[in-house]
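Peer 1: Submitted below is the structure of interest, expressed as structure tokens.
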Amino acid sequence: MHATISSTGLSSRVLRWRVVDIVVASVVAVASGVVFWVWDIVSNPISGPVGTVLPGFQGIINGPWLFAGVLVALIVRKPGAALFGELVAAVVSALIGTQWGVATLLSGVVQGLGAEIVFALFLYANWRLVPALLAGAGAGVAESILDLLYWYPGSKAEFIVVYAITTTISGLIVAGLGSWLLVRALARTGALSRFAAGREARGTAQA
């Protein structure tokens, strides 16, 4: 009984947000929001030409809008981190000014939930490459569903399939793999020394 209580208490402490978690998650999310805004500008002139390759193929450029939730979650490793990261980044992007206005916030919630659900399925206990990839893909699946319902209602089946697949792949690669690699790179510099991600990366490097 004593061991069970201790284990439960330890789990509770691990999953509880610390002040440093909130601060770092906020800083990373705000920086991600600036990246979102830059990508809004950069992607606008290339979206059309990319879409001419194959109807729906423009989903392949959606990845840079999906990474904030995965990145924040991989760093702080707390329930709600993916949703927090993506939503705060979306708010920052909207405040700076985007062509999608308030709809940006809806995207932030949906994308964040897509990643959050994946980490929850792993019980917030596995932060390795596979969960990161699946979280990125989850954000892509969620966003593709929202986009198809909100921006592309009544699209043909071919467009729907291509858009959903390319958005999911983009999320997996950019948000999933990209965030995982970025966390490892940051950890090896010592920037994440107060987080488990930083300690694990340094231990791997030393080994």
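Residue numbers start at 1 in each chain; chains themselves are named A, B, ... in the order of the structure tokens; ligands are numbered from 1 in the order shown.
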At a cut-off of 9 Å, using only C-alpha atoms, what residues contact Lys78 of chain A? Leave out same-chain residues fewer than 3 positions from it and give the result as a list in words.
Peer 2: Val14, Leu15, Arg16, Trp17, Asp21, Ala73, Leu74, Ile75, Ala81, Ala82 and Tyr124 of chain A
Peer 1: Show me, as an MDAnalysis selection string, the residues that have an atom within 12 Å of Phe159 of chain A when counting only C-alpha atoms, minus same-chain residues fewer than 3 positions from it.
Peer 2: chainID A and resid 51:59 144 147:148 152:156 162:167
Peer 1: Which neighbours of Gly140 of chain A fall inside 10 Å, counting only C-alpha atoms, when residues of the same chain fewer than 4 positions from it are skipped, and could you give them as a list in words?
Peer 2: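 Surrounding residues, per the criterion: Gly59, Ile60, Asn62, Gly63, Trp65, Leu66, Phe67, Val110, Gln111, Gly112, Gly114, Ala115, Leu134, Ala135, Gly136, Ser144, Ile145, Leu146, Ala164, Ile165, Thr166, Thr167, Thr168, Ile169, Ser170, Gly171, Leu172, Ala175 and Gly176 of chain A.
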Peer 1: Those residues you just picked out, can you put them in a file as an mmCIF file, in the first residue's frame with N, CA, C and O atoms?
Peer 2:
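Produced file part-v2.cif, reproduced below:
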data_model
loop_
_atom_site.group_PDB
_atom_site.id
_atom_site.type_symbol
_atom_site.label_atom_id
_atom_site.label_comp_id
_atom_site.auth_asym_id
_atom_site.auth_seq_id
_atom_site.Cartn_x
_atom_site.Cartn_y
_atom_site.Cartn_z
ATOM 1 N N GLY A 59 -1.700 20.958 -49.177
ATOM 2 C CA GLY A 59 -1.631 20.522 -47.785
ATOM 3 C C GLY A 59 -0.213 20.255 -47.328
ATOM 4 O O GLY A 59 0.073 20.263 -46.126
ATOM 5 N N ILE A 60 0.694 20.052 -48.274
ATOM 6 C CA ILE A 60 2.081 19.728 -47.935
ATOM 7 C C ILE A 60 2.804 20.904 -47.279
ATOM 8 O O ILE A 60 3.831 20.705 -46.620
ATOM 9 N N ASN A 62 1.455 22.815 -44.926
ATOM 10 C CA ASN A 62 0.798 23.131 -43.653
ATOM 11 C C ASN A 62 1.638 22.817 -42.421
ATOM 12 O O ASN A 62 1.352 23.303 -41.329
ATOM 13 N N GLY A 63 2.673 22.004 -42.571
ATOM 14 C CA GLY A 63 3.466 21.573 -41.427
ATOM 15 C C GLY A 63 3.984 22.667 -40.511
ATOM 16 O O GLY A 63 3.920 22.539 -39.281
ATOM 17 N N TRP A 65 2.731 25.250 -39.516
ATOM 18 C CA TRP A 65 1.699 25.763 -38.607
ATOM 19 C C TRP A 65 1.319 24.742 -37.545
ATOM 20 O O TRP A 65 0.473 25.026 -36.693
ATOM 21 N N LEU A 66 1.933 23.578 -37.584
ATOM 22 C CA LEU A 66 1.510 22.492 -36.704
ATOM 23 C C LEU A 66 2.523 22.142 -35.619
ATOM 24 O O LEU A 66 2.251 21.287 -34.773
ATOM 25 N N PHE A 67 3.686 22.773 -35.627
ATOM 26 C CA PHE A 67 4.773 22.298 -34.775
ATOM 27 C C PHE A 67 4.741 22.796 -33.338
ATOM 28 O O PHE A 67 5.327 22.174 -32.431
ATOM 29 N N VAL A 110 -7.762 23.247 -32.593
ATOM 30 C CA VAL A 110 -7.900 21.958 -33.274
ATOM 31 C C VAL A 110 -6.541 21.273 -33.443
ATOM 32 O O VAL A 110 -6.392 20.079 -33.165
ATOM 33 N N GLN A 111 -5.553 22.022 -33.897
ATOM 34 C CA GLN A 111 -4.215 21.451 -34.080
ATOM 35 C C GLN A 111 -3.636 20.973 -32.751
ATOM 36 O O GLN A 111 -3.052 19.882 -32.671
ATOM 37 N N GLY A 112 -3.808 21.794 -31.719
ATOM 38 C CA GLY A 112 -3.306 21.425 -30.406
ATOM 39 C C GLY A 112 -3.961 20.172 -29.865
ATOM 40 O O GLY A 112 -3.290 19.305 -29.298
ATOM 41 N N GLY A 114 -5.272 17.793 -31.647
ATOM 42 C CA GLY A 114 -4.821 16.662 -32.452
ATOM 43 C C GLY A 114 -3.542 16.056 -31.902
ATOM 44 O O GLY A 114 -3.395 14.827 -31.824
ATOM 45 N N ALA A 115 -2.601 16.917 -31.505
ATOM 46 C CA ALA A 115 -1.350 16.445 -30.911
ATOM 47 C C ALA A 115 -1.563 15.982 -29.476
ATOM 48 O O ALA A 115 -1.004 14.962 -29.051
ATOM 49 N N LEU A 134 3.746 10.689 -34.347
ATOM 50 C CA LEU A 134 2.295 10.490 -34.344
ATOM 51 C C LEU A 134 1.556 11.745 -33.897
ATOM 52 O O LEU A 134 0.469 12.047 -34.394
ATOM 53 N N ALA A 135 2.158 12.496 -32.968
ATOM 54 C CA ALA A 135 1.529 13.748 -32.526
ATOM 55 C C ALA A 135 1.511 14.767 -33.657
ATOM 56 O O ALA A 135 0.522 15.479 -33.858
ATOM 57 N N GLY A 136 2.622 14.843 -34.401
ATOM 58 C CA GLY A 136 2.651 15.725 -35.560
ATOM 59 C C GLY A 136 1.615 15.321 -36.589
ATOM 60 O O GLY A 136 0.913 16.168 -37.160
ATOM 61 N N SER A 144 -6.534 19.013 -41.146
ATOM 62 C CA SER A 144 -7.097 18.709 -42.464
ATOM 63 C C SER A 144 -8.613 18.583 -42.389
ATOM 64 O O SER A 144 -9.333 19.037 -43.292
ATOM 65 N N ILE A 145 -9.109 17.986 -41.311
ATOM 66 C CA ILE A 145 -10.567 17.862 -41.139
ATOM 67 C C ILE A 145 -11.199 19.245 -41.015
ATOM 68 O O ILE A 145 -12.221 19.538 -41.655
ATOM 69 N N LEU A 146 -10.578 20.111 -40.186
ATOM 70 C CA LEU A 146 -11.111 21.467 -40.025
ATOM 71 C C LEU A 146 -11.088 22.228 -41.340
ATOM 72 O O LEU A 146 -12.078 22.861 -41.719
ATOM 73 N N ALA A 164 -5.847 15.696 -47.211
ATOM 74 C CA ALA A 164 -5.709 15.064 -45.897
ATOM 75 C C ALA A 164 -4.380 14.326 -45.777
ATOM 76 O O ALA A 164 -3.689 14.427 -44.748
ATOM 77 N N ILE A 165 -3.999 13.614 -46.824
ATOM 78 C CA ILE A 165 -2.747 12.845 -46.784
ATOM 79 C C ILE A 165 -1.538 13.779 -46.724
ATOM 80 O O ILE A 165 -0.621 13.581 -45.913
ATOM 81 N N THR A 166 -1.532 14.811 -47.565
ATOM 82 C CA THR A 166 -0.360 15.705 -47.596
ATOM 83 C C THR A 166 -0.248 16.534 -46.318
ATOM 84 O O THR A 166 0.869 16.771 -45.827
ATOM 85 N N THR A 167 -1.364 16.952 -45.758
ATOM 86 C CA THR A 167 -1.320 17.700 -44.500
ATOM 87 C C THR A 167 -0.807 16.818 -43.368
ATOM 88 O O THR A 167 -0.005 17.253 -42.533
ATOM 89 N N THR A 168 -1.251 15.573 -43.358
ATOM 90 C CA THR A 168 -0.805 14.635 -42.325
ATOM 91 C C THR A 168 0.688 14.341 -42.458
ATOM 92 O O THR A 168 1.428 14.316 -41.458
ATOM 93 N N ILE A 169 1.145 14.127 -43.677
ATOM 94 C CA ILE A 169 2.573 13.871 -43.909
ATOM 95 C C ILE A 169 3.401 15.078 -43.514
ATOM 96 O O ILE A 169 4.453 14.956 -42.873
ATOM 97 N N SER A 170 2.923 16.267 -43.868
ATOM 98 C CA SER A 170 3.632 17.492 -43.516
ATOM 99 C C SER A 170 3.710 17.648 -42.002
ATOM 100 O O SER A 170 4.747 18.038 -41.452
ATOM 101 N N GLY A 171 2.614 17.329 -41.315
ATOM 102 C CA GLY A 171 2.614 17.392 -39.858
ATOM 103 C C GLY A 171 3.583 16.395 -39.249
ATOM 104 O O GLY A 171 4.323 16.712 -38.318
ATOM 105 N N LEU A 172 3.588 15.189 -39.782
ATOM 106 C CA LEU A 172 4.483 14.147 -39.277
ATOM 107 C C LEU A 172 5.944 14.558 -39.414
ATOM 108 O O LEU A 172 6.736 14.412 -38.476
ATOM 109 N N ALA A 175 6.241 18.970 -38.007
ATOM 110 C CA ALA A 175 5.876 19.130 -36.597
ATOM 111 C C ALA A 175 6.403 17.991 -35.736
ATOM 112 O O ALA A 175 6.882 18.217 -34.621
ATOM 113 N N GLY A 176 6.333 16.755 -36.248
ATOM 114 C CA GLY A 176 6.771 15.610 -35.464
ATOM 115 C C GLY A 176 8.276 15.445 -35.434
ATOM 116 O O GLY A 176 8.922 15.648 -34.400
#
Peer 1: I'd like the contact shell of segment 94-105 of chain A - 7 Å cut-off, only C-alpha atoms, skipping same-chain residues fewer than 6 positions apart - returned as a list in words.
Peer 2: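 Contacts, with the query itself left out: Trp37, Asp40 and Leu87 of chain A.
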Peer 1: Would you save the residues from that selection as a PDB file, in the first residue's frame, using N, CA, C and O atoms?
Peer 2:
ATOM      1  N   TRP A  37       3.443  33.527 -38.178  1.00  0.00           N
ATOM      2  CA  TRP A  37       3.161  34.760 -38.907  1.00  0.00           C
ATOM      3  C   TRP A  37       4.081  34.896 -40.131  1.00  0.00           C
ATOM      4  O   TRP A  37       3.622  35.269 -41.219  1.00  0.00           O
ATOM      5  N   ASP A  40       2.924  32.548 -42.731  1.00  0.00           N
ATOM      6  CA  ASP A  40       1.722  33.080 -43.392  1.00  0.00           C
ATOM      7  C   ASP A  40       2.121  33.889 -44.624  1.00  0.00           C
ATOM      8  O   ASP A  40       1.527  33.760 -45.703  1.00  0.00           O
ATOM      9  N   LEU A  87      -2.218  26.888 -29.102  1.00  0.00           N
ATOM     10  CA  LEU A  87      -3.191  27.966 -28.950  1.00  0.00           C
ATOM     11  C   LEU A  87      -2.498  29.305 -28.714  1.00  0.00           C
ATOM     12  O   LEU A  87      -2.868  30.318 -29.319  1.00  0.00           O
TER      13      LEU A  87
END
Peer 1: Rank nothing, just name the residue among A:Ala142, A:Val91, A:Leu71, A:Leu113 nearest to Trp180 of chain A, using only C-alpha atoms.
Peer 2: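 Residue with the minimum atom-to-atom distance to Trp180 of chain A: A:Leu71.
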Peer 1: Step one, run DSSP on the backbone; step two, keep only residues of segment 25-178 of chain A assigned to helix (DSSP H, G or I); then write them as a VMD selection string.
Peer 2: chain A and resid 25 to 53 57 to 61 63 to 65 67 to 76 81 to 96 103 to 121 129 to 150 157 to 178
Peer 1: For Pro131 of chain A, work out the shell of residues within 8 Å, counting only C-alpha atoms and skipping chain neighbours fewer than 4 positions away, then give it as a list in words.
Peer 2: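 Listed by chain and then number, they are Val118, Phe119, Phe122, Asn126, Trp127 and Ala135 of chain A.
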Peer 1: So that I have them on file, write out the residues from the current selection with N, CA, C and O atoms, as a PDB file, in the first residue's frame.
Peer 2:
ATOM      1  N   VAL A 118      -2.800  12.388 -28.930  1.00  0.00           N
ATOM      2  CA  VAL A 118      -1.773  11.358 -29.129  1.00  0.00           C
ATOM      3  C   VAL A 118      -0.927  11.196 -27.875  1.00  0.00           C
ATOM      4  O   VAL A 118      -0.703  10.068 -27.409  1.00  0.00           O
ATOM      5  N   PHE A 119      -0.449  12.299 -27.309  1.00  0.00           N
ATOM      6  CA  PHE A 119       0.358  12.202 -26.095  1.00  0.00           C
ATOM      7  C   PHE A 119      -0.454  11.609 -24.942  1.00  0.00           C
ATOM      8  O   PHE A 119       0.087  10.874 -24.107  1.00  0.00           O
ATOM      9  N   PHE A 122      -0.538   7.923 -24.978  1.00  0.00           N
ATOM     10  CA  PHE A 122       0.698   7.349 -24.430  1.00  0.00           C
ATOM     11  C   PHE A 122       0.827   7.660 -22.937  1.00  0.00           C
ATOM     12  O   PHE A 122       1.887   7.471 -22.344  1.00  0.00           O
ATOM     13  N   ASN A 126       5.592   8.688 -22.614  1.00  0.00           N
ATOM     14  CA  ASN A 126       6.529   8.325 -23.676  1.00  0.00           C
ATOM     15  C   ASN A 126       6.731   9.540 -24.572  1.00  0.00           C
ATOM     16  O   ASN A 126       5.795   9.981 -25.249  1.00  0.00           O
ATOM     17  N   TRP A 127       7.951  10.064 -24.586  1.00  0.00           N
ATOM     18  CA  TRP A 127       8.250  11.279 -25.337  1.00  0.00           C
ATOM     19  C   TRP A 127       9.318  11.023 -26.387  1.00  0.00           C
ATOM     20  O   TRP A 127      10.065  11.927 -26.758  1.00  0.00           O
ATOM     21  N   ALA A 135       2.158  12.496 -32.968  1.00  0.00           N
ATOM     22  CA  ALA A 135       1.529  13.748 -32.526  1.00  0.00           C
ATOM     23  C   ALA A 135       1.511  14.767 -33.657  1.00  0.00           C
ATOM     24  O   ALA A 135       0.522  15.479 -33.858  1.00  0.00           O
TER      25      ALA A 135
END
